[in-house]
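Enquirer: Coordinates in upload-v7.tsv, TSV, N, CA and C atoms, are listed below.
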```tsv
chain	number	residue	atom	x	y	z
A	1	MET	N	98.34	134.58	116.82
A	1	MET	CA	98.19	133.48	117.75
A	1	MET	C	99.17	133.67	118.90
A	2	SER	N	98.69	133.67	120.09
A	2	SER	CA	99.57	133.77	121.24
A	2	SER	C	99.67	132.40	121.91
A	3	VAL	N	100.86	132.05	122.29
A	3	VAL	CA	101.11	130.76	122.94
A	3	VAL	C	101.46	131.03	124.39
A	4	PRO	N	100.69	130.46	125.32
A	4	PRO	CA	101.02	130.66	126.73
A	4	PRO	C	102.40	130.10	127.06
A	5	ALA	N	103.07	130.74	127.99
A	5	ALA	CA	104.42	130.32	128.37
A	5	ALA	C	104.44	128.88	128.88
A	6	GLY	N	103.40	128.47	129.56
A	6	GLY	CA	103.33	127.10	130.06
A	6	GLY	C	103.29	126.07	128.93
A	7	HIS	N	102.56	126.40	127.86
A	7	HIS	CA	102.48	125.49	126.73
A	7	HIS	C	103.80	125.45	125.96
A	8	LEU	N	104.46	126.60	125.89
A	8	LEU	CA	105.78	126.63	125.25
A	8	LEU	C	106.77	125.79	126.05
A	9	GLY	N	106.70	125.89	127.36
A	9	GLY	CA	107.54	125.06	128.22
A	9	GLY	C	107.22	123.59	128.07
A	10	ALA	N	105.94	123.27	127.92
A	10	ALA	CA	105.53	121.88	127.73
A	10	ALA	C	106.06	121.31	126.42
A	11	ALA	N	105.99	122.10	125.36
A	11	ALA	CA	106.52	121.66	124.07
A	11	ALA	C	108.03	121.46	124.14
A	12	THR	N	108.71	122.35	124.84
A	12	THR	CA	110.16	122.23	125.00
A	12	THR	C	110.49	120.98	125.82
A	13	ALA	N	109.73	120.73	126.87
A	13	ALA	CA	109.97	119.54	127.68
A	13	ALA	C	109.72	118.27	126.87
A	14	GLY	N	108.68	118.27	126.05
A	14	GLY	CA	108.42	117.11	125.20
A	14	GLY	C	109.54	116.86	124.21
A	15	ALA	N	110.05	117.93	123.60
A	15	ALA	CA	111.18	117.78	122.67
A	15	ALA	C	112.42	117.30	123.40
A	16	GLY	N	112.60	117.78	124.63
A	16	GLY	CA	113.73	117.31	125.44
A	16	GLY	C	113.62	115.84	125.76
A	17	LEU	N	112.42	115.38	126.10
A	17	LEU	CA	112.23	113.96	126.38
A	17	LEU	C	112.46	113.11	125.13
A	18	LEU	N	112.04	113.62	123.99
A	18	LEU	CA	112.28	112.91	122.73
A	18	LEU	C	113.78	112.76	122.49
A	19	ALA	N	114.51	113.85	122.67
A	19	ALA	CA	115.97	113.82	122.47
A	19	ALA	C	116.64	112.92	123.51
A	20	LEU	N	116.20	112.99	124.76
A	20	LEU	CA	116.77	112.13	125.80
A	20	LEU	C	116.51	110.66	125.50
A	21	GLY	N	115.34	110.37	124.95
A	21	GLY	CA	115.03	108.98	124.60
A	21	GLY	C	115.99	108.43	123.56
A	22	PHE	N	116.22	109.19	122.50
A	22	PHE	CA	117.15	108.72	121.47
A	22	PHE	C	118.58	108.71	121.99
A	23	GLY	N	118.93	109.66	122.83
A	23	GLY	CA	120.27	109.66	123.43
A	23	GLY	C	120.48	108.46	124.33
A	24	ALA	N	119.46	108.10	125.10
A	24	ALA	CA	119.57	106.94	125.98
A	24	ALA	C	119.65	105.64	125.18
A	25	ILE	N	118.95	105.58	124.05
A	25	ILE	CA	119.06	104.40	123.19
A	25	ILE	C	120.48	104.28	122.65
A	26	ALA	N	121.06	105.40	122.24
A	26	ALA	CA	122.45	105.38	121.77
A	26	ALA	C	123.40	104.94	122.89
A	27	LEU	N	123.15	105.42	124.10
A	27	LEU	CA	123.96	105.01	125.24
A	27	LEU	C	123.85	103.52	125.47
A	28	LEU	N	122.65	102.98	125.40
A	28	LEU	CA	122.43	101.55	125.59
A	28	LEU	C	123.16	100.73	124.53
A	29	ILE	N	123.04	101.12	123.28
A	29	ILE	CA	123.71	100.39	122.21
A	29	ILE	C	125.22	100.49	122.36
A	30	GLY	N	125.71	101.67	122.68
A	30	GLY	CA	127.15	101.85	122.88
A	30	GLY	C	127.67	101.06	124.06
A	31	ALA	N	126.91	101.02	125.14
A	31	ALA	CA	127.33	100.25	126.31
A	31	ALA	C	127.33	98.75	126.03
A	32	ALA	N	126.37	98.31	125.25
A	32	ALA	CA	126.26	96.89	124.95
A	32	ALA	C	127.31	96.42	123.96
A	33	THR	N	127.66	97.26	123.00
A	33	THR	CA	128.57	96.82	121.95
A	33	THR	C	129.98	97.38	122.08
A	34	GLY	N	130.12	98.53	122.70
A	34	GLY	CA	131.43	99.18	122.78
A	34	GLY	C	131.85	99.85	121.48
A	35	ARG	N	130.95	99.97	120.56
A	35	ARG	CA	131.27	100.55	119.26
A	35	ARG	C	130.48	101.84	119.07
A	36	ARG	N	131.19	102.95	119.12
A	36	ARG	CA	130.57	104.26	119.01
A	36	ARG	C	129.84	104.46	117.69
A	37	GLY	N	130.49	104.07	116.60
A	37	GLY	CA	129.88	104.23	115.28
A	37	GLY	C	128.59	103.46	115.14
A	38	LEU	N	128.56	102.25	115.68
A	38	LEU	CA	127.35	101.44	115.63
A	38	LEU	C	126.24	102.10	116.45
A	39	ALA	N	126.58	102.62	117.61
A	39	ALA	CA	125.59	103.27	118.47
A	39	ALA	C	124.99	104.48	117.77
A	40	ILE	N	125.83	105.30	117.17
A	40	ILE	CA	125.35	106.49	116.47
A	40	ILE	C	124.54	106.10	115.24
A	41	GLY	N	125.07	105.20	114.43
A	41	GLY	CA	124.41	104.80	113.20
A	41	GLY	C	123.08	104.11	113.43
A	42	ALA	N	123.04	103.19	114.38
A	42	ALA	CA	121.80	102.46	114.66
A	42	ALA	C	120.73	103.40	115.23
A	43	THR	N	121.15	104.29	116.11
A	43	THR	CA	120.18	105.22	116.70
A	43	THR	C	119.68	106.20	115.65
A	44	ALA	N	120.56	106.73	114.82
A	44	ALA	CA	120.14	107.67	113.78
A	44	ALA	C	119.22	106.98	112.78
A	45	SER	N	119.56	105.75	112.39
A	45	SER	CA	118.71	105.00	111.47
A	45	SER	C	117.35	104.71	112.09
A	46	GLY	N	117.35	104.34	113.35
A	46	GLY	CA	116.09	104.08	114.04
A	46	GLY	C	115.24	105.34	114.16
A	47	ALA	N	115.89	106.48	114.41
A	47	ALA	CA	115.16	107.74	114.52
A	47	ALA	C	114.53	108.12	113.18
A	48	VAL	N	115.27	107.95	112.11
A	48	VAL	CA	114.73	108.25	110.78
A	48	VAL	C	113.58	107.31	110.45
A	49	ALA	N	113.76	106.03	110.73
A	49	ALA	CA	112.70	105.05	110.45
A	49	ALA	C	111.45	105.37	111.27
A	50	ALA	N	111.63	105.74	112.53
A	50	ALA	CA	110.48	106.08	113.38
A	50	ALA	C	109.76	107.31	112.86
A	51	TYR	N	110.52	108.28	112.37
A	51	TYR	CA	109.91	109.49	111.82
A	51	TYR	C	109.13	109.17	110.54
A	52	VAL	N	109.71	108.35	109.68
A	52	VAL	CA	109.04	107.98	108.42
A	52	VAL	C	107.75	107.21	108.72
A	53	VAL	N	107.82	106.28	109.65
A	53	VAL	CA	106.62	105.51	110.01
A	53	VAL	C	105.55	106.43	110.58
A	54	SER	N	105.94	107.31	111.49
A	54	SER	CA	104.98	108.22	112.10
A	54	SER	C	104.36	109.16	111.07
A	55	SER	N	105.16	109.62	110.13
A	55	SER	CA	104.66	110.56	109.14
A	55	SER	C	103.81	109.90	108.06
A	56	LEU	N	104.22	108.72	107.61
A	56	LEU	CA	103.51	108.07	106.52
A	56	LEU	C	102.34	107.21	106.97
A	57	ALA	N	102.22	106.96	108.27
A	57	ALA	CA	101.16	106.09	108.76
A	57	ALA	C	99.77	106.65	108.48
A	58	VAL	N	99.65	107.97	108.38
A	58	VAL	CA	98.34	108.54	108.07
A	58	VAL	C	97.96	108.32	106.61
A	59	LEU	N	98.94	108.01	105.77
A	59	LEU	CA	98.69	107.80	104.34
A	59	LEU	C	98.71	106.34	103.92
A	60	VAL	N	99.48	105.52	104.63
A	60	VAL	CA	99.66	104.11	104.27
A	60	VAL	C	99.03	103.25	105.36
A	61	ASP	N	97.99	102.53	105.02
A	61	ASP	CA	97.24	101.74	106.00
A	61	ASP	C	98.10	100.67	106.67
A	62	VAL	N	99.05	100.10	105.95
A	62	VAL	CA	99.89	99.04	106.51
A	62	VAL	C	100.73	99.56	107.68
A	63	LEU	N	101.11	100.83	107.65
A	63	LEU	CA	101.96	101.41	108.69
A	63	LEU	C	101.17	101.89	109.90
A	64	GLU	N	99.86	101.99	109.78
A	64	GLU	CA	99.05	102.55	110.87
A	64	GLU	C	99.25	101.85	112.21
A	65	PRO	N	99.28	100.51	112.27
A	65	PRO	CA	99.49	99.87	113.57
A	65	PRO	C	100.87	100.15	114.19
A	66	LEU	N	101.85	100.42	113.35
A	66	LEU	CA	103.21	100.69	113.85
A	66	LEU	C	103.37	102.11	114.38
A	67	ARG	N	102.43	102.96	114.06
A	67	ARG	CA	102.57	104.38	114.39
A	67	ARG	C	102.72	104.62	115.89
A	68	VAL	N	101.99	103.88	116.70
A	68	VAL	CA	102.03	104.11	118.15
A	68	VAL	C	103.36	103.69	118.78
A	69	ALA	N	104.19	102.94	118.06
A	69	ALA	CA	105.50	102.56	118.57
A	69	ALA	C	106.55	103.64	118.32
A	70	SER	N	106.21	104.65	117.54
A	70	SER	CA	107.16	105.70	117.20
A	70	SER	C	107.19	106.79	118.27
A	71	PRO	N	108.38	107.13	118.77
A	71	PRO	CA	108.47	108.25	119.72
A	71	PRO	C	107.96	109.56	119.12
A	72	TYR	N	108.13	109.74	117.83
A	72	TYR	CA	107.64	110.97	117.19
A	72	TYR	C	106.12	111.08	117.27
A	73	TYR	N	105.45	109.97	117.18
A	73	TYR	CA	103.99	109.98	117.32
A	73	TYR	C	103.61	110.51	118.70
A	74	HIS	N	104.28	110.02	119.73
A	74	HIS	CA	103.94	110.44	121.09
A	74	HIS	C	104.33	111.89	121.35
A	75	TYR	N	105.36	112.35	120.69
A	75	TYR	CA	105.73	113.76	120.83
A	75	TYR	C	104.68	114.65	120.15
A	76	ALA	N	104.30	114.30	118.94
A	76	ALA	CA	103.38	115.14	118.17
A	76	ALA	C	101.93	114.99	118.62
A	77	ALA	N	101.56	113.82	119.10
A	77	ALA	CA	100.16	113.57	119.46
A	77	ALA	C	99.70	114.39	120.65
A	78	SER	N	100.62	114.78	121.51
A	78	SER	CA	100.20	115.56	122.68
A	78	SER	C	99.83	116.99	122.30
A	79	ASP	N	100.33	117.49	121.17
A	79	ASP	CA	100.04	118.84	120.70
A	79	ASP	C	100.22	119.85	121.84
A	80	ALA	N	101.43	119.86	122.39
A	80	ALA	CA	101.74	120.61	123.60
A	80	ALA	C	101.56	122.12	123.44
A	81	LEU	N	101.74	122.65	122.26
A	81	LEU	CA	101.58	124.10	122.09
A	81	LEU	C	100.13	124.54	122.24
A	82	ARG	N	99.21	123.65	121.98
A	82	ARG	CA	97.79	124.00	122.12
A	82	ARG	C	97.22	123.63	123.47
A	83	GLY	N	97.62	122.48	124.00
A	83	GLY	CA	96.97	122.01	125.22
A	83	GLY	C	97.88	121.54	126.32
A	84	GLY	N	99.18	121.75	126.20
A	84	GLY	CA	100.10	121.24	127.21
A	84	GLY	C	100.43	119.78	126.96
A	85	LEU	N	101.15	119.20	127.89
A	85	LEU	CA	101.58	117.82	127.74
A	85	LEU	C	100.44	116.85	128.04
A	86	ALA	N	100.32	115.82	127.24
A	86	ALA	CA	99.36	114.75	127.49
A	86	ALA	C	100.06	113.70	128.35
A	87	PRO	N	99.50	113.35	129.49
A	87	PRO	CA	100.20	112.46	130.43
A	87	PRO	C	100.62	111.11	129.83
A	88	GLY	N	99.76	110.48	129.05
A	88	GLY	CA	100.10	109.18	128.48
A	88	GLY	C	101.25	109.24	127.50
A	89	HIS	N	101.23	110.22	126.63
A	89	HIS	CA	102.30	110.36	125.64
A	89	HIS	C	103.61	110.79	126.31
A	90	THR	N	103.52	111.65	127.30
A	90	THR	CA	104.71	112.08	128.02
A	90	THR	C	105.31	110.91	128.80
A	91	ALA	N	104.46	110.08	129.37
A	91	ALA	CA	104.94	108.91	130.11
A	91	ALA	C	105.67	107.95	129.18
A	92	PHE	N	105.17	107.77	127.96
A	92	PHE	CA	105.85	106.90	127.00
A	92	PHE	C	107.27	107.41	126.74
A	93	LEU	N	107.40	108.71	126.47
A	93	LEU	CA	108.72	109.28	126.19
A	93	LEU	C	109.64	109.20	127.41
A	94	ALA	N	109.09	109.45	128.58
A	94	ALA	CA	109.90	109.38	129.80
A	94	ALA	C	110.35	107.95	130.08
A	95	LEU	N	109.46	106.98	129.87
A	95	LEU	CA	109.82	105.58	130.09
A	95	LEU	C	110.85	105.10	129.07
A	96	LEU	N	110.75	105.57	127.85
A	96	LEU	CA	111.74	105.22	126.84
A	96	LEU	C	113.12	105.70	127.26
A	97	ALA	N	113.21	106.95	127.69
A	97	ALA	CA	114.49	107.53	128.11
A	97	ALA	C	115.01	106.85	129.37
A	98	ALA	N	114.15	106.73	130.38
A	98	ALA	CA	114.59	106.15	131.64
A	98	ALA	C	114.92	104.67	131.51
A	99	GLY	N	114.09	103.94	130.79
A	99	GLY	CA	114.34	102.52	130.61
A	99	GLY	C	115.64	102.23	129.89
A	100	SER	N	115.90	102.95	128.82
A	100	SER	CA	117.15	102.75	128.07
A	100	SER	C	118.35	103.15	128.91
A	101	ALA	N	118.24	104.25	129.64
A	101	ALA	CA	119.36	104.72	130.47
A	101	ALA	C	119.62	103.75	131.63
A	102	LEU	N	118.58	103.17	132.19
A	102	LEU	CA	118.76	102.24	133.29
A	102	LEU	C	119.30	100.89	132.84
A	103	LEU	N	119.02	100.51	131.61
A	103	LEU	CA	119.55	99.24	131.09
A	103	LEU	C	121.01	99.35	130.65
A	104	ALA	N	121.48	100.54	130.37
A	104	ALA	CA	122.84	100.73	129.85
A	104	ALA	C	123.92	100.21	130.81
A	105	PRO	N	123.89	100.50	132.11
A	105	PRO	CA	124.95	99.97	132.98
A	105	PRO	C	124.95	98.44	133.04
A	106	ALA	N	123.77	97.83	133.02
A	106	ALA	CA	123.71	96.37	133.02
A	106	ALA	C	124.29	95.81	131.73
A	107	ALA	N	124.00	96.46	130.61
A	107	ALA	CA	124.55	96.02	129.32
A	107	ALA	C	126.07	96.18	129.31
A	108	PHE	N	126.55	97.26	129.90
A	108	PHE	CA	127.99	97.49	129.95
A	108	PHE	C	128.67	96.43	130.82
A	109	GLY	N	128.04	96.08	131.93
A	109	GLY	CA	128.61	95.08	132.83
A	109	GLY	C	128.68	93.70	132.22
A	110	ARG	N	127.79	93.39	131.31
A	110	ARG	CA	127.77	92.07	130.67
A	110	ARG	C	128.64	92.01	129.41
A	111	ARG	N	129.16	93.14	129.01
A	111	ARG	CA	129.93	93.19	127.75
A	111	ARG	C	131.28	92.51	127.91
A	112	ASP	N	131.69	91.81	126.89
A	112	ASP	CA	133.01	91.19	126.85
A	112	ASP	C	134.00	92.24	126.40
A	113	LEU	N	134.93	92.63	127.27
A	113	LEU	CA	135.87	93.69	126.95
A	113	LEU	C	137.06	93.20	126.11
A	114	ARG	N	137.11	91.94	125.81
A	114	ARG	CA	138.17	91.36	124.95
A	114	ARG	C	139.57	91.68	125.46
A	115	VAL	N	139.78	91.51	126.74
A	115	VAL	CA	141.10	91.81	127.32
A	115	VAL	C	141.91	90.56	127.38
```
Hey, can you dump this file as structure tokens for me?

Expert:
Amino acid sequence: MSVPAGHLGAATAGAGLLALGFGAIALLIGAATGRRGLAIGATASGAVAAYVVSSLAVLVDVLEPLRVASPYYHYAASDALRGGLAPGHTAFLALLAAGSALLAPAAFGRRDLRV
């Protein structure tokens, strides 16, 4: 099986957007709370939960409606190695990253610094 360089780049870009999304969520939580451990723990827990929901939704009917809320679903659903990036799924990942990153300064500005 040969994978075109463009599709490999698309898969890499999709994985990068997935990572940026979770990184931006951690930034938002850290900016809002000022607690590094909480930001890391909540983001890691959310990432694991999103992966479990995305993976088990094909087997468990109750989880099926939640599947589309998982960033992993949008990363895997585009199947970038076969067909490149799917615009709708890529937009979801980009909006997740950009939205969380743009909300972080506002959350930081509203935080009580306890001085």

Enquirer: Considering all atoms listed in the file, return as a short mmCIF file (atom, residue, chain, number, x, y, z; two decimals) with N, CA and C atoms, in the coordinates of the input whatever protein or nucleic-acid residues lie within 7 Å of A:Leu20, sequence-local ones (same chain, fewer than 3 positions apart) excluded.

Expert:
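Written out: out-v2.cif:
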```cif
data_model
loop_
_atom_site.label_atom_id
_atom_site.label_comp_id
_atom_site.auth_asym_id
_atom_site.auth_seq_id
_atom_site.Cartn_x
_atom_site.Cartn_y
_atom_site.Cartn_z
N ALA A 15 110.05 117.93 123.60
CA ALA A 15 111.18 117.78 122.67
C ALA A 15 112.42 117.30 123.40
N GLY A 16 112.60 117.78 124.63
CA GLY A 16 113.73 117.31 125.44
C GLY A 16 113.62 115.84 125.76
N LEU A 17 112.42 115.38 126.10
CA LEU A 17 112.23 113.96 126.38
C LEU A 17 112.46 113.11 125.13
N GLY A 23 118.93 109.66 122.83
CA GLY A 23 120.27 109.66 123.43
C GLY A 23 120.48 108.46 124.33
N ALA A 24 119.46 108.10 125.10
CA ALA A 24 119.57 106.94 125.98
C ALA A 24 119.65 105.64 125.18
N ILE A 25 118.95 105.58 124.05
CA ILE A 25 119.06 104.40 123.19
C ILE A 25 120.48 104.28 122.65
N LEU A 96 110.75 105.57 127.85
CA LEU A 96 111.74 105.22 126.84
C LEU A 96 113.12 105.70 127.26
N ALA A 97 113.21 106.95 127.69
CA ALA A 97 114.49 107.53 128.11
C ALA A 97 115.01 106.85 129.37
N ALA A 98 114.15 106.73 130.38
CA ALA A 98 114.59 106.15 131.64
C ALA A 98 114.92 104.67 131.51
#
```

Enquirer: Hey, which of A:Thr90, A:Leu28, A:Thr33, A:Thr43 ends up closest to A:Gly14? Count only N, CA and C atoms.

Expert: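 Residue with the minimum atom-to-atom distance to A:Gly14: A:Thr90.
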
Enquirer: Out of A:Phe108, A:Phe92, A:Tyr75, A:Phe22, which residue has the shortest atom-to-atom distance to A:Ala47 when counting only N, CA and C atoms?

Expert: A:Phe22

Enquirer: Just the number, please: distance in Å from atom CA of A:Gly34 to atom C of A:Ala94, one decimal.

Expert: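 That distance, rounded to one decimal, is 24.0 Å.
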
Enquirer: For the atom pair atom CA of A:Ala19 and atom CA of A:Ala39, what is the interatomic distance in Å to one decimal place?

Expert: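 Taking atom CA of A:Ala19 as the start and atom CA of A:Ala39 as the end point, the length is 14.8 Å.
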
Enquirer: Atom CA of A:Pro65 and atom CA of A:Ala42, how far apart in Å?

Expert: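 Atom CA of A:Ala42 sits 22.5 Å away from atom CA of A:Pro65.
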
Enquirer: A:Ala26, A:Ala5, A:Ala107, A:Ala57: which is nearest A:Ser45, counting only C-alpha atoms?

Expert: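 Between A:Ala26, A:Ala5, A:Ala107, A:Ala57, the residue approaching A:Ser45 most closely is A:Ala26.
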
Enquirer: Find the residues near A:Ser55: any atom within 8 Å, counting all atoms listed in the file, skip ones fewer than 5 places away on the same chain, and give them as a ChimeraX atom specification.

Expert: /A:49-50,60,67,72-73

Enquirer: Keeping only N, CA and C atoms, write those residues as a PDB file, in the frame of the given file.

Expert:
```
ATOM      1  N   ALA A  49     113.760 106.030 110.730  1.00  0.00           N
ATOM      2  CA  ALA A  49     112.700 105.050 110.450  1.00  0.00           C
ATOM      3  C   ALA A  49     111.450 105.370 111.270  1.00  0.00           C
ATOM      4  N   ALA A  50     111.630 105.740 112.530  1.00  0.00           N
ATOM      5  CA  ALA A  50     110.480 106.080 113.380  1.00  0.00           C
ATOM      6  C   ALA A  50     109.760 107.310 112.860  1.00  0.00           C
ATOM      7  N   VAL A  60      99.480 105.520 104.630  1.00  0.00           N
ATOM      8  CA  VAL A  60      99.660 104.110 104.270  1.00  0.00           C
ATOM      9  C   VAL A  60      99.030 103.250 105.360  1.00  0.00           C
ATOM     10  N   ARG A  67     102.430 102.960 114.060  1.00  0.00           N
ATOM     11  CA  ARG A  67     102.570 104.380 114.390  1.00  0.00           C
ATOM     12  C   ARG A  67     102.720 104.620 115.890  1.00  0.00           C
ATOM     13  N   TYR A  72     108.130 109.740 117.830  1.00  0.00           N
ATOM     14  CA  TYR A  72     107.640 110.970 117.190  1.00  0.00           C
ATOM     15  C   TYR A  72     106.120 111.080 117.270  1.00  0.00           C
ATOM     16  N   TYR A  73     105.450 109.970 117.180  1.00  0.00           N
ATOM     17  CA  TYR A  73     103.990 109.980 117.320  1.00  0.00           C
ATOM     18  C   TYR A  73     103.610 110.510 118.700  1.00  0.00           C
TER      19      TYR A  73
END
```

Enquirer: Name the closest residue to A:Leu27 among the candidates A:Ala101, A:Ala11, A:Val52, A:Ala69; distances are taken between atoms, counting only N, CA and C atoms.

Expert: A:Ala101

Enquirer: Return as JSON the box centre and box size in Å, one decimal, for an axis-aligned box around all listed atoms of stretch 49-65 of chain A padded by 6 Å per side.

Expert:
```
{"center_x": 105.5, "center_y": 104.8, "center_z": 109.1, "size_x": 28.5, "size_y": 23.5, "size_z": 22.3}
```

Enquirer: Using all atoms listed in the file, which of A:Pro4, A:Ala77, A:Ala32, A:Arg82 sits nearest A:Arg110?

Expert: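 For A:Arg110, the nearest of the candidates is A:Ala32.
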
Enquirer: Would you please work out which residue, of A:Ala13, A:Leu103, A:Leu59, A:Leu38, is nearest to A:Ala80 when using only C-alpha atoms?

Expert: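 Selected residue with least distance to A:Ala80: A:Ala13.
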
Enquirer: Check the DSSP output for the backbone and give back, as an MDAnalysis selection string, the residues of chain A in alpha helix (DSSP H).

Expert: chainID A and resid 5:33 36:56 71:77 80:83 87:110
